[in-house]
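Student: Just so it is clear, I am handing over input_1.csv, which has CSV, C-alpha atoms.
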chain,number,residue,atom,x,y,z
R,811,MET,CA,0.0,0.0,0.0
R,812,ARG,CA,2.8,2.4,0.9
R,813,THR,CA,4.6,1.6,-2.4
R,814,LEU,CA,1.4,2.2,-4.3
R,815,LEU,CA,0.9,5.6,-2.6
R,816,LEU,CA,4.4,6.6,-3.3
R,817,SER,CA,4.0,5.7,-6.9
R,818,LEU,CA,0.8,7.8,-7.2
R,819,LEU,CA,2.6,10.7,-5.6
R,820,LEU,CA,5.5,10.5,-8.0
R,821,LEU,CA,3.0,10.3,-10.9
R,822,VAL,CA,1.2,13.4,-9.7
R,823,ALA,CA,4.5,15.3,-9.2
R,824,THR,CA,5.7,14.3,-12.7
R,825,SER,CA,2.4,15.4,-14.3
R,826,MET,CA,2.6,18.7,-12.5
R,827,THR,CA,6.2,19.4,-13.6
R,828,ALA,CA,5.5,18.4,-17.1
R,829,GLN,CA,2.5,20.8,-17.5
R,830,LYS,CA,2.8,22.9,-20.6
R,831,PRO,CA,3.0,26.7,-20.2
R,832,ASN,CA,0.1,28.8,-21.6
R,833,PHE,CA,0.7,31.6,-24.2
R,834,ALA,CA,-1.2,34.5,-25.6
R,835,GLU,CA,-0.9,36.8,-28.6
R,836,ILE,CA,-1.2,40.6,-28.3
R,837,THR,CA,-4.1,41.7,-30.5
R,838,GLY,CA,-4.1,45.4,-30.0
R,839,THR,CA,-1.7,48.3,-30.5
R,840,ASN,CA,-0.4,50.7,-27.8
R,841,VAL,CA,-1.9,48.5,-25.1
R,842,ASN,CA,-0.9,49.5,-21.6
R,843,ILE,CA,0.7,47.0,-19.1
R,844,ARG,CA,-0.2,47.5,-15.5
R,845,LYS,CA,1.2,46.5,-12.1
R,846,ALA,CA,-2.2,45.4,-10.9
R,847,PRO,CA,-5.3,43.9,-12.7
R,848,ALA,CA,-7.2,47.1,-12.8
R,849,SER,CA,-7.8,50.0,-15.3
R,850,ASN,CA,-6.3,52.4,-12.8
R,851,GLY,CA,-3.3,50.2,-12.0
R,852,THR,CA,0.2,51.8,-12.2
R,853,LEU,CA,1.6,51.8,-15.7
R,854,LEU,CA,4.8,50.1,-16.9
R,855,ALA,CA,6.9,52.9,-18.3
R,856,TYR,CA,10.3,53.2,-20.0
R,857,ARG,CA,13.0,55.8,-20.6
R,858,GLU,CA,15.8,55.5,-23.1
R,859,SER,CA,19.3,55.6,-21.8
R,860,GLU,CA,22.7,55.5,-23.5
R,861,ALA,CA,23.1,51.7,-23.3
R,862,SER,CA,19.7,50.3,-22.7
R,863,VAL,CA,16.1,51.0,-21.7
R,864,LEU,CA,15.1,51.7,-18.2
R,865,LEU,CA,11.8,50.4,-16.8
R,866,LYS,CA,9.7,51.4,-13.8
R,867,TRP,CA,6.1,51.4,-12.6
R,868,THR,CA,4.6,54.9,-12.7
R,869,ASN,CA,1.6,56.9,-13.9
R,870,ALA,CA,3.8,60.0,-14.4
R,871,VAL,CA,4.2,59.5,-18.1
R,872,GLY,CA,5.2,62.5,-20.2
R,873,LYS,CA,8.4,64.0,-21.4
R,874,THR,CA,10.8,61.8,-19.3
R,875,TRP,CA,8.9,58.5,-19.1
R,876,SER,CA,6.6,56.9,-21.7
R,877,ALA,CA,4.1,54.1,-21.4
R,878,TYR,CA,5.7,50.8,-22.4
R,879,HIS,CA,3.9,48.9,-25.2
R,880,LEU,CA,4.4,45.5,-26.9
R,881,PRO,CA,3.9,45.2,-30.6
R,882,LYS,CA,0.7,43.7,-32.0
R,883,GLY,CA,1.3,40.0,-32.7
R,884,GLU,CA,3.9,39.6,-29.9
R,885,ILE,CA,3.8,36.2,-28.2
R,886,VAL,CA,3.8,36.3,-24.4
R,887,GLN,CA,3.5,33.7,-21.6
R,888,VAL,CA,0.4,33.7,-19.5
R,889,VAL,CA,1.2,33.7,-15.8
R,890,ALA,CA,-2.2,34.2,-14.2
R,891,LYS,CA,-5.8,35.3,-14.9
R,892,SER,CA,-8.0,37.6,-12.7
R,893,ASN,CA,-11.4,39.1,-13.5
R,894,GLY,CA,-10.9,40.1,-17.1
R,895,TRP,CA,-7.2,40.6,-16.8
R,896,THR,CA,-4.2,38.5,-17.9
R,897,LYS,CA,-0.8,38.6,-16.2
R,898,ILE,CA,1.8,38.2,-19.0
R,899,ARG,CA,5.5,37.5,-19.0
R,900,PHE,CA,7.7,38.6,-21.8
R,901,ARG,CA,11.4,39.1,-22.4
R,902,ASP,CA,13.2,42.3,-23.2
R,903,VAL,CA,17.0,41.9,-23.1
R,904,PHE,CA,17.6,45.6,-23.3
R,905,THR,CA,15.7,46.6,-20.2
R,906,ILE,CA,17.0,47.2,-16.7
R,907,SER,CA,15.4,48.2,-13.5
R,908,ASP,CA,16.1,48.6,-9.8
R,909,ASP,CA,12.4,48.0,-9.0
R,910,PRO,CA,12.1,44.7,-7.1
R,911,SER,CA,8.5,44.3,-8.2
R,912,LEU,CA,9.7,43.9,-11.7
R,913,ASN,CA,10.7,40.3,-12.6
R,914,MET,CA,13.9,41.1,-14.5
R,915,ALA,CA,15.6,37.7,-14.2
R,916,TRP,CA,17.2,37.0,-17.6
R,917,GLY,CA,15.4,40.0,-19.0
R,918,TYR,CA,11.8,38.9,-18.3
R,919,VAL,CA,9.1,41.3,-17.3
R,920,GLU,CA,5.7,40.6,-15.8
R,921,GLY,CA,2.6,42.8,-15.8
R,922,TRP,CA,-1.2,42.8,-16.3
R,923,MET,CA,-3.0,43.4,-19.6
R,924,SER,CA,-6.8,43.6,-20.3
R,925,ASP,CA,-8.2,40.4,-21.7
R,926,GLN,CA,-9.7,42.3,-24.6
R,927,PHE,CA,-6.2,42.8,-26.0
R,928,VAL,CA,-4.9,39.3,-25.7
R,929,LYS,CA,-6.0,36.0,-27.0
R,930,PRO,CA,-4.8,32.4,-26.3
R,931,ILE,CA,-2.5,30.9,-28.8
R,932,ALA,CA,-1.1,27.4,-28.9
R,933,PRO,CA,2.5,26.6,-30.0
R,934,ILE,CA,3.2,24.5,-33.0
R,935,ASN,CA,3.6,20.8,-32.2
R,936,LEU,CA,7.2,20.4,-33.4
R,937,THR,CA,8.3,17.0,-34.6
R,938,TRP,CA,11.3,15.7,-36.5
R,939,ASP,CA,9.1,15.4,-39.6
R,940,ASN,CA,8.1,19.0,-39.7
R,941,ALA,CA,11.2,20.6,-38.0
R,942,GLY,CA,12.7,21.7,-41.3
R,943,ILE,CA,9.6,23.9,-42.0
R,944,TYR,CA,9.8,25.8,-38.7
R,945,LEU,CA,13.4,25.9,-37.6
R,946,ARG,CA,15.3,29.0,-38.9
R,947,LYS,CA,17.3,28.6,-42.0
R,948,ASP,CA,20.6,29.0,-40.2
R,949,TRP,CA,19.8,26.0,-38.1
R,950,MET,CA,21.3,22.8,-39.5
R,951,VAL,CA,19.2,19.9,-40.4
R,952,PRO,CA,19.0,17.2,-37.6
R,953,VAL,CA,22.3,15.3,-36.9
R,954,VAL,CA,22.5,12.0,-35.2
R,955,CYS,CA,24.8,12.3,-32.1
R,956,ASN,CA,25.2,9.7,-29.4
R,957,GLY,CA,22.3,7.7,-30.9
R,958,GLU,CA,19.7,10.6,-30.9
R,959,GLN,CA,18.6,13.3,-33.3
R,960,ARG,CA,19.9,16.8,-32.5
R,961,VAL,CA,19.8,20.1,-34.2
R,962,TRP,CA,22.0,23.2,-34.0
R,963,VAL,CA,20.8,26.3,-32.1
R,964,VAL,CA,22.6,29.4,-33.3
R,965,ASP,CA,22.9,32.8,-31.5
R,966,CYS,CA,25.0,35.8,-32.2
R,967,PHE,CA,26.1,38.4,-29.7
R,968,ASP,CA,28.4,41.4,-30.4
R,969,GLY,CA,29.6,39.6,-33.5
R,970,ASP,CA,30.4,36.4,-31.8
R,971,LEU,CA,28.6,33.3,-33.1
R,972,MET,CA,27.6,30.9,-30.3
R,973,LEU,CA,26.5,27.3,-30.8
R,974,SER,CA,24.5,25.0,-28.7
R,975,TRP,CA,22.3,22.1,-29.6
R,976,GLY,CA,18.7,21.0,-29.1
R,977,ARG,CA,16.4,18.0,-29.0
R,978,ILE,CA,12.6,17.9,-29.5
R,979,GLU,CA,10.6,17.1,-26.4
R,980,ASN,CA,6.9,17.3,-26.0
R,981,GLY,CA,6.4,19.3,-29.1
R,982,HIS,CA,9.0,22.0,-28.4
R,983,LEU,CA,12.8,22.4,-28.8
R,984,VAL,CA,14.9,22.0,-25.7
R,985,GLU,CA,18.2,23.8,-25.9
R,986,CYS,CA,21.1,22.1,-24.1
R,987,GLY,CA,24.4,23.5,-22.8
R,988,ASN,CA,25.7,25.0,-19.5
R,989,ASP,CA,25.1,28.6,-20.5
R,990,ILE,CA,25.0,30.9,-23.5
R,991,ASN,CA,28.8,30.9,-23.7
R,992,THR,CA,29.2,27.2,-24.1
R,993,CYS,CA,30.6,27.2,-27.6
R,994,TYR,CA,32.1,30.0,-29.8
R,995,ALA,CA,32.7,29.5,-33.5
R,996,ALA,CA,35.2,31.8,-35.1
R,997,TYR,CA,36.9,32.0,-38.6
R,998,ASP,CA,40.6,31.6,-38.5
R,999,GLU,CA,42.4,31.9,-41.8
R,1000,ARG,CA,45.4,29.9,-40.4
R,1001,THR,CA,43.1,26.9,-39.7
R,1002,ASP,CA,42.8,24.2,-42.2
R,1003,GLY,CA,39.6,22.4,-41.3
R,1004,ILE,CA,38.2,22.4,-37.8
R,1005,ALA,CA,40.2,23.1,-34.7
R,1006,ILE,CA,38.5,22.6,-31.3
R,1007,GLU,CA,40.0,24.2,-28.1
R,1008,GLN,CA,38.7,23.5,-24.6
R,1009,VAL,CA,38.5,26.8,-22.6
R,1010,GLY,CA,37.8,26.0,-18.9
R,1011,ASP,CA,35.1,23.6,-17.8
R,1012,ASN,CA,32.1,25.1,-19.6
R,1013,CYS,CA,33.3,26.6,-22.9
R,1014,ILE,CA,34.9,25.5,-26.1
R,1015,ASN,CA,36.2,27.5,-29.1
R,1016,VAL,CA,35.6,26.1,-32.6
R,1017,ASN,CA,38.0,27.6,-35.1
R,1018,PHE,CA,37.2,26.9,-38.7
R,1019,GLY,CA,39.0,27.4,-42.0
R,1020,LYS,CA,37.8,29.1,-45.2
R,1021,GLN,CA,36.2,25.9,-46.6
R,1022,TYR,CA,33.5,26.2,-43.9
R,1023,VAL,CA,32.8,30.0,-44.3
R,1024,HIS,CA,29.3,30.9,-45.2
R,1025,SER,CA,28.7,32.7,-48.5
R,1026,ASP,CA,27.2,35.7,-46.6
R,1027,GLY,CA,30.3,36.5,-44.6
R,1028,PHE,CA,32.8,35.0,-42.2
R,1029,LEU,CA,30.3,33.0,-40.1
R,1030,ILE,CA,30.4,29.2,-40.2
R,1031,ASP,CA,28.1,27.4,-42.6
R,1032,LEU,CA,26.9,24.6,-40.5
R,1033,LYS,CA,25.6,22.7,-43.5
R,1034,LYS,CA,29.3,22.3,-44.6
R,1035,LEU,CA,30.1,20.3,-41.5
R,1036,SER,CA,30.2,16.6,-41.9
R,1037,GLU,CA,28.0,14.5,-39.6
R,1038,SER,CA,31.1,13.3,-37.8
R,1039,GLU,CA,32.4,16.9,-37.3
R,1040,ALA,CA,28.9,18.0,-36.1
R,1041,SER,CA,28.6,15.1,-33.7
R,1042,LEU,CA,32.1,15.8,-32.3
R,1043,ILE,CA,31.3,19.4,-31.5
R,1044,MET,CA,27.9,18.6,-30.1
R,1045,GLY,CA,29.3,15.8,-28.0
R,1046,MET,CA,31.6,18.3,-26.2
R,1047,ILE,CA,28.6,20.6,-25.3
R,1048,PRO,CA,27.1,19.4,-22.0
R,1049,ASP,CA,23.8,17.7,-22.0
R,1050,VAL,CA,22.2,20.2,-19.6
R,1051,LYS,CA,18.9,21.9,-20.3
R,1052,ASN,CA,19.3,25.6,-20.9
R,1053,ASN,CA,16.1,26.9,-22.7
R,1054,ASP,CA,12.7,25.7,-23.8
R,1055,LEU,CA,11.9,27.1,-27.3
R,1056,TYR,CA,8.3,27.2,-28.4
R,1057,PHE,CA,7.3,28.0,-32.1
R,1058,PHE,CA,4.2,29.8,-33.3
R,1059,SER,CA,2.7,30.4,-36.7
R,1060,PRO,CA,3.4,33.9,-38.3
R,1061,ALA,CA,1.0,36.7,-37.4
R,1062,LEU,CA,-1.8,37.2,-40.0
R,1063,ASP,CA,-0.4,40.6,-41.1
R,1064,ASP,CA,3.2,39.3,-41.4
R,1065,THR,CA,3.9,39.5,-45.1
R,1066,GLU,CA,7.3,37.8,-44.6
R,1067,ARG,CA,5.7,34.8,-42.9
R,1068,ASN,CA,8.2,34.8,-40.1
R,1069,ILE,CA,7.8,32.0,-37.5
R,1070,ARG,CA,7.4,33.5,-34.0
R,1071,THR,CA,9.2,32.0,-31.0
R,1072,TYR,CA,9.1,32.2,-27.2
R,1073,THR,CA,12.0,31.1,-25.0
R,1074,ILE,CA,11.7,30.0,-21.4
R,1075,LYS,CA,15.0,30.2,-19.6
R,1076,LYS,CA,15.8,27.3,-17.3
Give the structure from the file, written as structure tokens.

Tutor:
Amino acid sequence: MRTLLLSLLLLVATSMTAQKPNFAEITGTNVNIRKAPASNGTLLAYRESEASVLLKWTNAVGKTWSAYHLPKGEIVQVVAKSNGWTKIRFRDVFTISDDPSLNMAWGYVEGWMSDQFVKPIAPINLTWDNAGIYLRKDWMVPVVCNGEQRVWVVDCFDGDLMLSWGRIENGHLVECGNDINTCYAAYDERTDGIAIEQVGDNCINVNFGKQYVHSDGFLIDLKKLSESEASLIMGMIPDVKNNDLYFFSPALDDTERNIRTYTIKK
């Protein structure tokens, strides 16, 4: 009986942790974000600075501070619901704030928005069969590494190309690596082929020669890597969950048909 009860508790705990997040799409323009779920709630406001955007809660908007708005079609995470209001969570990497009531961990911000300006939206159920349709063009086709399918996840910061890898789990892409600085890829005209350098415990540098250069510039063309080269690099990146990436269909008025994404930082 005790074993059965323990098994049931573990099953409940597993189902709770595996619960999928809820998302919404912004349907209006110039929609205010408020600190409390009320039309007179304090506004989220911003002010431009030299290096970033400053945020704070205030109703004193004018010359110095302006009301902060998300663009129509933006995907946000739903945190809570209350009497016609939705508490949203979104990421803005260029914002900073000393206000402890703003959730600024990893650039995320939380606030309330009227239900009339948001609507529920479900992410695309990503599978290995349809991954090529939804993954960005600069992400390589799936590679078999250590017996499982993996895909490159590419990011660029201050001109540095950073690589990590992902697997598909429960319809979304799970990015793996210790942190965003796990793997740098850099062109080196002195390198013939691929040269991998271990830097500390959590980072590797991948220097590549001209035969791997992308036609658009001096970034690496991942499609020019052989499967063995890709598996070698991926195998050196730790199998530690870093981000959950969810994919959404383009907005109806998006003429370029860009796939929208939302990232949940682990």

Student: How many Å lie between CA of Ile934 in chain R and CA of Lys897 in chain R, rounded to one decimal?

Tutor: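 Taking CA of Ile934 in chain R as the start and CA of Lys897 in chain R as the end point, the length is 22.3 Å.
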
Student: Could you check how far CA of Pro933 in chain R sits from CA of Arg1070 in chain R, in Å to one decimal?

Tutor: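 Between these atoms lies a distance of 9.4 Å.
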
Student: Env of Ser1038 in chain R: 9 Å cut, atoms = all atoms listed in the file, seq-sep filter 4 positions within chain, self excluded. Answer as a list in words.

Tutor: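 The residues satisfying every condition are Cys955, Leu1042 and Ile1043 of chain R.
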
Student: Print the selection's residues with C-alpha atoms to a file, as an mmCIF file, in the coordinates of the input.

Tutor:
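This is the output file again.cif:
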data_model
loop_
_atom_site.group_PDB
_atom_site.id
_atom_site.type_symbol
_atom_site.label_atom_id
_atom_site.label_comp_id
_atom_site.auth_asym_id
_atom_site.auth_seq_id
_atom_site.Cartn_x
_atom_site.Cartn_y
_atom_site.Cartn_z
ATOM 1 C CA CYS R 955 24.800 12.300 -32.100
ATOM 2 C CA LEU R 1042 32.100 15.800 -32.300
ATOM 3 C CA ILE R 1043 31.300 19.400 -31.500
#

Student: Using all atoms listed in the file, pick whichever of R:Lys866, R:Lys1075, R:Lys1020, R:Lys873 has the shortest atom-to-atom distance to Lys1034 in chain R.

Tutor: R:Lys1020

Student: Rounded to one decimal, what separation in Å do you get between CA of Glu1037 in chain R and CA of Asn1012 in chain R?

Tutor: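 Spanning CA of Glu1037 in chain R to CA of Asn1012 in chain R is a straight-line distance of 23.0 Å.
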